[in-house]
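Containing mmCIF, N, CA and C atoms: coords07.cif.
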data_model
loop_
_atom_site.label_atom_id
_atom_site.label_comp_id
_atom_site.auth_asym_id
_atom_site.auth_seq_id
_atom_site.Cartn_x
_atom_site.Cartn_y
_atom_site.Cartn_z
N MET A 5 -8.39 20.87 -1.87
CA MET A 5 -8.79 20.42 -0.56
C MET A 5 -9.44 19.05 -0.67
N PHE A 6 -9.08 18.16 0.26
CA PHE A 6 -9.65 16.82 0.28
C PHE A 6 -11.02 16.86 0.95
N ILE A 7 -12.01 16.21 0.36
CA ILE A 7 -13.32 16.10 0.97
C ILE A 7 -13.44 14.77 1.70
N SER A 8 -12.82 13.74 1.16
CA SER A 8 -12.89 12.42 1.76
C SER A 8 -11.55 11.71 1.57
N MET A 9 -11.19 10.92 2.55
CA MET A 9 -9.95 10.14 2.44
C MET A 9 -10.25 8.70 2.08
N THR A 10 -11.48 8.39 1.77
CA THR A 10 -11.86 7.03 1.44
C THR A 10 -11.57 6.77 -0.03
N GLY A 11 -10.87 5.68 -0.32
CA GLY A 11 -10.57 5.38 -1.71
C GLY A 11 -9.96 4.00 -1.88
N PHE A 12 -9.80 3.64 -3.14
CA PHE A 12 -9.19 2.36 -3.49
C PHE A 12 -8.39 2.56 -4.77
N GLY A 13 -7.22 1.98 -4.82
CA GLY A 13 -6.41 2.04 -6.02
C GLY A 13 -5.70 0.72 -6.25
N ARG A 14 -5.50 0.39 -7.52
CA ARG A 14 -4.80 -0.85 -7.87
C ARG A 14 -3.92 -0.55 -9.06
N SER A 15 -2.69 -1.01 -9.00
CA SER A 15 -1.77 -0.82 -10.11
C SER A 15 -0.93 -2.08 -10.28
N SER A 16 -0.48 -2.31 -11.49
CA SER A 16 0.40 -3.45 -11.74
C SER A 16 1.49 -3.03 -12.70
N ARG A 17 2.60 -3.71 -12.60
CA ARG A 17 3.75 -3.40 -13.44
C ARG A 17 4.59 -4.66 -13.61
N ASN A 18 5.18 -4.82 -14.76
CA ASN A 18 6.05 -5.95 -15.03
C ASN A 18 7.43 -5.67 -14.43
N VAL A 19 7.86 -6.55 -13.53
CA VAL A 19 9.16 -6.41 -12.88
C VAL A 19 9.92 -7.72 -13.06
N GLN A 20 10.97 -7.67 -13.82
CA GLN A 20 11.81 -8.85 -14.07
C GLN A 20 10.99 -10.05 -14.53
N GLY A 21 10.06 -9.80 -15.43
CA GLY A 21 9.27 -10.88 -16.01
C GLY A 21 8.09 -11.34 -15.17
N LYS A 22 7.86 -10.71 -14.01
CA LYS A 22 6.71 -11.04 -13.16
C LYS A 22 5.82 -9.81 -13.05
N GLU A 23 4.52 -10.04 -12.87
CA GLU A 23 3.60 -8.92 -12.72
C GLU A 23 3.43 -8.59 -11.23
N LEU A 24 3.92 -7.41 -10.84
CA LEU A 24 3.79 -6.92 -9.47
C LEU A 24 2.47 -6.16 -9.35
N VAL A 25 1.65 -6.51 -8.36
CA VAL A 25 0.37 -5.86 -8.14
C VAL A 25 0.38 -5.19 -6.77
N ILE A 26 -0.06 -3.93 -6.73
CA ILE A 26 -0.18 -3.20 -5.47
C ILE A 26 -1.59 -2.64 -5.38
N GLU A 27 -2.25 -2.91 -4.25
CA GLU A 27 -3.60 -2.41 -3.99
C GLU A 27 -3.56 -1.58 -2.71
N ILE A 28 -4.23 -0.44 -2.74
CA ILE A 28 -4.30 0.44 -1.58
C ILE A 28 -5.75 0.77 -1.30
N LYS A 29 -6.16 0.57 -0.04
CA LYS A 29 -7.49 0.95 0.41
C LYS A 29 -7.30 1.97 1.53
N SER A 30 -8.06 3.05 1.49
CA SER A 30 -7.92 4.05 2.55
C SER A 30 -9.30 4.48 3.06
N VAL A 31 -9.35 4.79 4.35
CA VAL A 31 -10.56 5.32 4.97
C VAL A 31 -10.16 6.44 5.92
N ASN A 32 -11.13 7.29 6.21
CA ASN A 32 -10.91 8.40 7.12
C ASN A 32 -10.57 7.87 8.51
N HIS A 33 -9.62 8.50 9.16
CA HIS A 33 -9.19 8.07 10.49
C HIS A 33 -8.46 9.23 11.14
N LYS A 34 -8.59 9.39 12.45
CA LYS A 34 -7.95 10.53 13.13
C LYS A 34 -6.43 10.45 13.08
N GLY A 35 -5.89 9.27 13.25
CA GLY A 35 -4.44 9.11 13.23
C GLY A 35 -3.97 8.67 11.86
N CYS A 36 -2.74 8.24 11.79
CA CYS A 36 -2.19 7.70 10.54
C CYS A 36 -1.75 6.26 10.80
N ASP A 37 -2.56 5.33 10.34
CA ASP A 37 -2.26 3.91 10.51
C ASP A 37 -2.04 3.29 9.14
N VAL A 38 -0.92 2.59 9.01
CA VAL A 38 -0.57 1.96 7.74
C VAL A 38 -0.33 0.48 8.01
N PHE A 39 -1.05 -0.36 7.28
CA PHE A 39 -0.91 -1.81 7.42
C PHE A 39 -0.54 -2.37 6.05
N VAL A 40 0.50 -3.20 6.03
CA VAL A 40 0.99 -3.75 4.76
C VAL A 40 0.95 -5.27 4.83
N ARG A 41 0.40 -5.88 3.80
CA ARG A 41 0.45 -7.33 3.62
C ARG A 41 1.16 -7.58 2.30
N SER A 42 2.09 -8.50 2.32
CA SER A 42 2.82 -8.76 1.08
C SER A 42 3.25 -10.22 1.02
N SER A 43 3.64 -10.60 -0.17
CA SER A 43 4.17 -11.95 -0.34
C SER A 43 5.54 -12.02 0.34
N GLN A 44 6.00 -13.22 0.56
CA GLN A 44 7.28 -13.41 1.25
C GLN A 44 8.42 -12.73 0.49
N GLU A 45 8.33 -12.71 -0.83
CA GLU A 45 9.37 -12.07 -1.65
C GLU A 45 9.48 -10.57 -1.38
N LEU A 46 8.39 -9.96 -0.97
CA LEU A 46 8.36 -8.51 -0.79
C LEU A 46 8.33 -8.08 0.68
N SER A 47 8.34 -9.02 1.59
CA SER A 47 8.17 -8.70 3.02
C SER A 47 9.26 -7.76 3.56
N SER A 48 10.44 -7.80 3.01
CA SER A 48 11.52 -6.92 3.49
C SER A 48 11.24 -5.45 3.16
N LEU A 49 10.33 -5.20 2.23
CA LEU A 49 9.99 -3.82 1.85
C LEU A 49 8.91 -3.20 2.72
N GLU A 50 8.25 -3.98 3.55
CA GLU A 50 7.12 -3.48 4.34
C GLU A 50 7.48 -2.26 5.19
N PRO A 51 8.59 -2.25 5.95
CA PRO A 51 8.92 -1.05 6.74
C PRO A 51 9.14 0.19 5.86
N HIS A 52 9.70 0.00 4.68
CA HIS A 52 9.95 1.12 3.77
C HIS A 52 8.64 1.68 3.22
N ILE A 53 7.70 0.80 2.94
CA ILE A 53 6.38 1.23 2.44
C ILE A 53 5.66 2.03 3.52
N ILE A 54 5.68 1.54 4.74
CA ILE A 54 5.02 2.23 5.86
C ILE A 54 5.63 3.62 6.05
N GLN A 55 6.95 3.70 6.05
CA GLN A 55 7.63 4.99 6.23
C GLN A 55 7.27 5.95 5.09
N TYR A 56 7.26 5.47 3.87
CA TYR A 56 6.95 6.31 2.71
C TYR A 56 5.54 6.89 2.81
N VAL A 57 4.57 6.05 3.14
CA VAL A 57 3.19 6.52 3.24
C VAL A 57 3.06 7.55 4.36
N LYS A 58 3.68 7.30 5.51
CA LYS A 58 3.59 8.22 6.63
C LYS A 58 4.26 9.56 6.34
N GLU A 59 5.24 9.58 5.44
CA GLU A 59 5.86 10.84 5.04
C GLU A 59 4.95 11.65 4.11
N LYS A 60 4.04 10.97 3.41
CA LYS A 60 3.19 11.62 2.41
C LYS A 60 1.83 12.07 2.95
N VAL A 61 1.34 11.41 4.00
CA VAL A 61 0.00 11.73 4.52
C VAL A 61 0.06 11.96 6.03
N GLN A 62 -0.92 12.70 6.53
CA GLN A 62 -0.95 12.99 7.95
C GLN A 62 -1.97 12.17 8.71
N ARG A 63 -3.02 11.76 8.02
CA ARG A 63 -4.05 10.99 8.71
C ARG A 63 -4.76 10.06 7.74
N GLY A 64 -5.39 9.04 8.32
CA GLY A 64 -6.10 8.04 7.54
C GLY A 64 -5.64 6.65 7.91
N ARG A 65 -6.42 5.68 7.52
CA ARG A 65 -6.04 4.26 7.69
C ARG A 65 -5.81 3.69 6.31
N PHE A 66 -4.66 3.09 6.11
CA PHE A 66 -4.27 2.57 4.80
C PHE A 66 -3.97 1.08 4.90
N ASP A 67 -4.64 0.31 4.07
CA ASP A 67 -4.37 -1.12 3.95
C ASP A 67 -3.74 -1.33 2.59
N ILE A 68 -2.50 -1.80 2.60
CA ILE A 68 -1.74 -1.95 1.36
C ILE A 68 -1.40 -3.42 1.17
N THR A 69 -1.66 -3.93 -0.02
CA THR A 69 -1.34 -5.31 -0.36
C THR A 69 -0.42 -5.30 -1.57
N ALA A 70 0.68 -6.02 -1.47
CA ALA A 70 1.63 -6.11 -2.59
C ALA A 70 2.00 -7.57 -2.81
N TYR A 71 1.92 -7.99 -4.08
CA TYR A 71 2.23 -9.38 -4.39
C TYR A 71 2.56 -9.52 -5.86
N PHE A 72 3.21 -10.62 -6.17
CA PHE A 72 3.47 -10.97 -7.56
C PHE A 72 2.34 -11.88 -8.04
N MET A 73 1.77 -11.55 -9.18
CA MET A 73 0.68 -12.35 -9.77
C MET A 73 1.26 -13.67 -10.26
N LYS A 74 0.60 -14.74 -9.92
CA LYS A 74 1.06 -16.04 -10.38
C LYS A 74 0.70 -16.22 -11.84
N SER A 75 1.62 -16.80 -12.61
CA SER A 75 1.35 -16.97 -14.04
C SER A 75 0.88 -18.36 -14.36
#
Represent the structure from my file as structure tokens, please.
Amino acid sequence: MFISMTGFGRSSRNVQGKELVIEIKSVNHKGCDVFVRSSQELSSLEPHIIQYVKEKVQRGRFDITAYFMKS
């Protein structure tokens, strides 16, 4: 059972020689709101990310940031 929906996570992975970073912040919320900010290279994935999160959770506010780390 979940006690709180508040959290933060950060992950990175090497994708085609670039470091992809994804950060997720969540807080308790009655509805399910998903907001995505991403670099221009990843902007076409934003609707897919929103759909994926909404399929996995029923409520909460999620702020997701995805970008490639500059080298």
Subject >> Selection dump of the PyMOL selection byres (((chain A and resi 10 and name CA) around 7) and name CA), as a list in words >> reply: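 Selected by the PyMOL selection byres (((chain A and resi 10 and name CA) around 7) and name CA) here: Ser8, Met9, Gly11, Ser30, Val31 and Asn32 of chain A.
Here atom N of Arg14 of chain A and atom CA of Gln44 of chain A stand 20.8 Å from one another.
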Subject >> Explicit residues for the PyMOL selection byres (((chain A and resi 65 and name CA) around 12) and name CA) (as number ranges by chain) >> reply: A: 9-12, 28-40, 54, 57-58, 61-64, 66-68
**OP:** Please give the complete set of residues from chain A that DSSP, run on the backbone, assigns to strand (DSSP E or B), formatted as a PyMOL selection string.
**Re:** chain A and resi 11-19+22-31+36-42+64-73
Original post:
Mind checking DSSP for chain A and telling me the helix (DSSP H, G or I) residues as a list of chain:residue names?
Top reply: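 So, restricting chain A to helix (DSSP H, G or I), we get A:Gln44, A:Glu45, A:Leu46, A:Ser47, A:Ser48, A:Leu49, A:Glu50, A:Pro51, A:His52, A:Ile53, A:Ile54, A:Gln55, A:Tyr56, A:Val57, A:Lys58, A:Glu59, A:Lys60.
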For the residues in the current selection, export N, CA and C atoms as a PDB file, in the coordinates of the input.
ATOM      1  N   GLN A  44       6.000 -13.220   0.560  1.00  0.00           N
ATOM      2  CA  GLN A  44       7.280 -13.410   1.250  1.00  0.00           C
ATOM      3  C   GLN A  44       8.420 -12.730   0.490  1.00  0.00           C
ATOM      4  N   GLU A  45       8.330 -12.710  -0.830  1.00  0.00           N
ATOM      5  CA  GLU A  45       9.370 -12.070  -1.650  1.00  0.00           C
ATOM      6  C   GLU A  45       9.480 -10.570  -1.380  1.00  0.00           C
ATOM      7  N   LEU A  46       8.390  -9.960  -0.970  1.00  0.00           N
ATOM      8  CA  LEU A  46       8.360  -8.510  -0.790  1.00  0.00           C
ATOM      9  C   LEU A  46       8.330  -8.080   0.680  1.00  0.00           C
ATOM     10  N   SER A  47       8.340  -9.020   1.590  1.00  0.00           N
ATOM     11  CA  SER A  47       8.170  -8.700   3.020  1.00  0.00           C
ATOM     12  C   SER A  47       9.260  -7.760   3.560  1.00  0.00           C
ATOM     13  N   SER A  48      10.440  -7.800   3.010  1.00  0.00           N
ATOM     14  CA  SER A  48      11.520  -6.920   3.490  1.00  0.00           C
ATOM     15  C   SER A  48      11.240  -5.450   3.160  1.00  0.00           C
ATOM     16  N   LEU A  49      10.330  -5.200   2.230  1.00  0.00           N
ATOM     17  CA  LEU A  49       9.990  -3.820   1.850  1.00  0.00           C
ATOM     18  C   LEU A  49       8.910  -3.200   2.720  1.00  0.00           C
ATOM     19  N   GLU A  50       8.250  -3.980   3.550  1.00  0.00           N
ATOM     20  CA  GLU A  50       7.120  -3.480   4.340  1.00  0.00           C
ATOM     21  C   GLU A  50       7.480  -2.260   5.190  1.00  0.00           C
ATOM     22  N   PRO A  51       8.590  -2.250   5.950  1.00  0.00           N
ATOM     23  CA  PRO A  51       8.920  -1.050   6.740  1.00  0.00           C
ATOM     24  C   PRO A  51       9.140   0.190   5.860  1.00  0.00           C
ATOM     25  N   HIS A  52       9.700   0.000   4.680  1.00  0.00           N
ATOM     26  CA  HIS A  52       9.950   1.120   3.770  1.00  0.00           C
ATOM     27  C   HIS A  52       8.640   1.680   3.220  1.00  0.00           C
ATOM     28  N   ILE A  53       7.700   0.800   2.940  1.00  0.00           N
ATOM     29  CA  ILE A  53       6.380   1.230   2.440  1.00  0.00           C
ATOM     30  C   ILE A  53       5.660   2.030   3.520  1.00  0.00           C
ATOM     31  N   ILE A  54       5.680   1.540   4.740  1.00  0.00           N
ATOM     32  CA  ILE A  54       5.020   2.230   5.860  1.00  0.00           C
ATOM     33  C   ILE A  54       5.630   3.620   6.050  1.00  0.00           C
ATOM     34  N   GLN A  55       6.950   3.700   6.050  1.00  0.00           N
ATOM     35  CA  GLN A  55       7.630   4.990   6.230  1.00  0.00           C
ATOM     36  C   GLN A  55       7.270   5.950   5.090  1.00  0.00           C
ATOM     37  N   TYR A  56       7.260   5.470   3.870  1.00  0.00           N
ATOM     38  CA  TYR A  56       6.950   6.310   2.710  1.00  0.00           C
ATOM     39  C   TYR A  56       5.540   6.890   2.810  1.00  0.00           C
ATOM     40  N   VAL A  57       4.570   6.050   3.140  1.00  0.00           N
ATOM     41  CA  VAL A  57       3.190   6.520   3.240  1.00  0.00           C
ATOM     42  C   VAL A  57       3.060   7.550   4.360  1.00  0.00           C
ATOM     43  N   LYS A  58       3.680   7.300   5.510  1.00  0.00           N
ATOM     44  CA  LYS A  58       3.590   8.220   6.630  1.00  0.00           C
ATOM     45  C   LYS A  58       4.260   9.560   6.340  1.00  0.00           C
ATOM     46  N   GLU A  59       5.240   9.580   5.440  1.00  0.00           N
ATOM     47  CA  GLU A  59       5.860  10.840   5.040  1.00  0.00           C
ATOM     48  C   GLU A  59       4.950  11.650   4.110  1.00  0.00           C
ATOM     49  N   LYS A  60       4.040  10.970   3.410  1.00  0.00           N
ATOM     50  CA  LYS A  60       3.190  11.620   2.410  1.00  0.00           C
ATOM     51  C   LYS A  60       1.830  12.070   2.950  1.00  0.00           C
TER      52      LYS A  60
END
Original post:
Written as a PyMOL selection string, which residues does the PyMOL selection byres ((chain A and resi 42) around 7) give for the file shown?
Top reply: chain A and resi 40-41+43-47+68-71
**OP:** One decimal, Å: what's the distance from atom CA of Lys74 of chain A over to atom CA of Ile53 of chain A, could you say?
**Re:**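 About the pair atom CA of Lys74 of chain A and atom CA of Ile53 of chain A: they are 22.2 Å apart.
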Original post:
What does the distance between atom CA of Gly21 of chain A and atom N of His52 of chain A come to in Å, to one decimal place?
Top reply: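 Computing it gives 23.4 Å between the two atoms.
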Subject >> Test item: residues at most 5 Å from Glu23 of chain A, all atoms listed in the file, excluding those fewer than 3 positions along its chain, as a VMD selection string >> reply: chain A and resid 17 to 19 72 to 73
Mind writing the picked residues with N, CA and C atoms as a PDB file, in the frame of the given file?
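Saved as selection.pdb:
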ATOM      1  N   ARG A  17       2.600  -3.710 -12.600  1.00  0.00           N
ATOM      2  CA  ARG A  17       3.750  -3.400 -13.440  1.00  0.00           C
ATOM      3  C   ARG A  17       4.590  -4.660 -13.610  1.00  0.00           C
ATOM      4  N   ASN A  18       5.180  -4.820 -14.760  1.00  0.00           N
ATOM      5  CA  ASN A  18       6.050  -5.950 -15.030  1.00  0.00           C
ATOM      6  C   ASN A  18       7.430  -5.670 -14.430  1.00  0.00           C
ATOM      7  N   VAL A  19       7.860  -6.550 -13.530  1.00  0.00           N
ATOM      8  CA  VAL A  19       9.160  -6.410 -12.880  1.00  0.00           C
ATOM      9  C   VAL A  19       9.920  -7.720 -13.060  1.00  0.00           C
ATOM     10  N   PHE A  72       3.210 -10.620  -6.170  1.00  0.00           N
ATOM     11  CA  PHE A  72       3.470 -10.970  -7.560  1.00  0.00           C
ATOM     12  C   PHE A  72       2.340 -11.880  -8.040  1.00  0.00           C
ATOM     13  N   MET A  73       1.770 -11.550  -9.180  1.00  0.00           N
ATOM     14  CA  MET A  73       0.680 -12.350  -9.770  1.00  0.00           C
ATOM     15  C   MET A  73       1.260 -13.670 -10.260  1.00  0.00           C
TER      16      MET A  73
END
Reconstruct N, CA, C and O atoms of segment 43-62 of chain A from the incomplete input and present them as a compact mmCIF listing (two decimals), in the coordinates of the input.
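Produced file out_25.txt, reproduced below:
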# COMPACT_ATOMS: atom_id res chain seq x y z
N SER A 43 3.64 -10.60 -0.17
CA SER A 43 4.17 -11.95 -0.34
C SER A 43 5.54 -12.02 0.34
O SER A 43 6.15 -11.00 0.65
N GLN A 44 6.00 -13.22 0.56
CA GLN A 44 7.28 -13.41 1.25
C GLN A 44 8.42 -12.73 0.49
O GLN A 44 9.33 -12.18 1.10
N GLU A 45 8.33 -12.71 -0.83
CA GLU A 45 9.37 -12.07 -1.65
C GLU A 45 9.48 -10.57 -1.38
O GLU A 45 10.55 -10.00 -1.56
N LEU A 46 8.39 -9.96 -0.97
CA LEU A 46 8.36 -8.51 -0.79
C LEU A 46 8.33 -8.08 0.68
O LEU A 46 8.33 -6.89 0.97
N SER A 47 8.34 -9.02 1.59
CA SER A 47 8.17 -8.70 3.02
C SER A 47 9.26 -7.76 3.56
O SER A 47 8.99 -6.97 4.46
N SER A 48 10.44 -7.80 3.01
CA SER A 48 11.52 -6.92 3.49
C SER A 48 11.24 -5.45 3.16
O SER A 48 11.85 -4.55 3.74
N LEU A 49 10.33 -5.20 2.23
CA LEU A 49 9.99 -3.82 1.85
C LEU A 49 8.91 -3.20 2.72
O LEU A 49 8.67 -1.98 2.65
N GLU A 50 8.25 -3.98 3.55
CA GLU A 50 7.12 -3.48 4.34
C GLU A 50 7.48 -2.26 5.19
O GLU A 50 6.76 -1.27 5.15
N PRO A 51 8.59 -2.25 5.95
CA PRO A 51 8.92 -1.05 6.74
C PRO A 51 9.14 0.19 5.86
O PRO A 51 8.77 1.30 6.24
N HIS A 52 9.70 0.00 4.68
CA HIS A 52 9.95 1.12 3.77
C HIS A 52 8.64 1.68 3.22
O HIS A 52 8.48 2.90 3.07
N ILE A 53 7.70 0.80 2.94
CA ILE A 53 6.38 1.23 2.44
C ILE A 53 5.66 2.03 3.52
O ILE A 53 5.10 3.10 3.25
N ILE A 54 5.68 1.54 4.74
CA ILE A 54 5.02 2.23 5.86
C ILE A 54 5.63 3.62 6.05
O ILE A 54 4.91 4.62 6.16
N GLN A 55 6.95 3.70 6.05
CA GLN A 55 7.63 4.99 6.23
C GLN A 55 7.27 5.95 5.09
O GLN A 55 6.99 7.12 5.33
N TYR A 56 7.26 5.47 3.87
CA TYR A 56 6.95 6.31 2.71
C TYR A 56 5.54 6.89 2.81
O TYR A 56 5.34 8.10 2.61
N VAL A 57 4.57 6.05 3.14
CA VAL A 57 3.19 6.52 3.24
C VAL A 57 3.06 7.55 4.36
O VAL A 57 2.44 8.60 4.20
N LYS A 58 3.68 7.30 5.51
CA LYS A 58 3.59 8.22 6.63
C LYS A 58 4.26 9.56 6.34
O LYS A 58 3.89 10.58 6.91
N GLU A 59 5.24 9.58 5.44
CA GLU A 59 5.86 10.84 5.04
C GLU A 59 4.95 11.65 4.11
O GLU A 59 5.06 12.86 4.03
N LYS A 60 4.04 10.97 3.41
CA LYS A 60 3.19 11.62 2.41
C LYS A 60 1.83 12.07 2.95
O LYS A 60 1.22 12.97 2.39
N VAL A 61 1.34 11.41 4.00
CA VAL A 61 0.00 11.73 4.52
C VAL A 61 0.06 11.96 6.03
O VAL A 61 0.96 11.47 6.71
N GLN A 62 -0.92 12.70 6.53
CA GLN A 62 -0.95 12.99 7.95
C GLN A 62 -1.97 12.17 8.71
O GLN A 62 -1.82 11.93 9.90
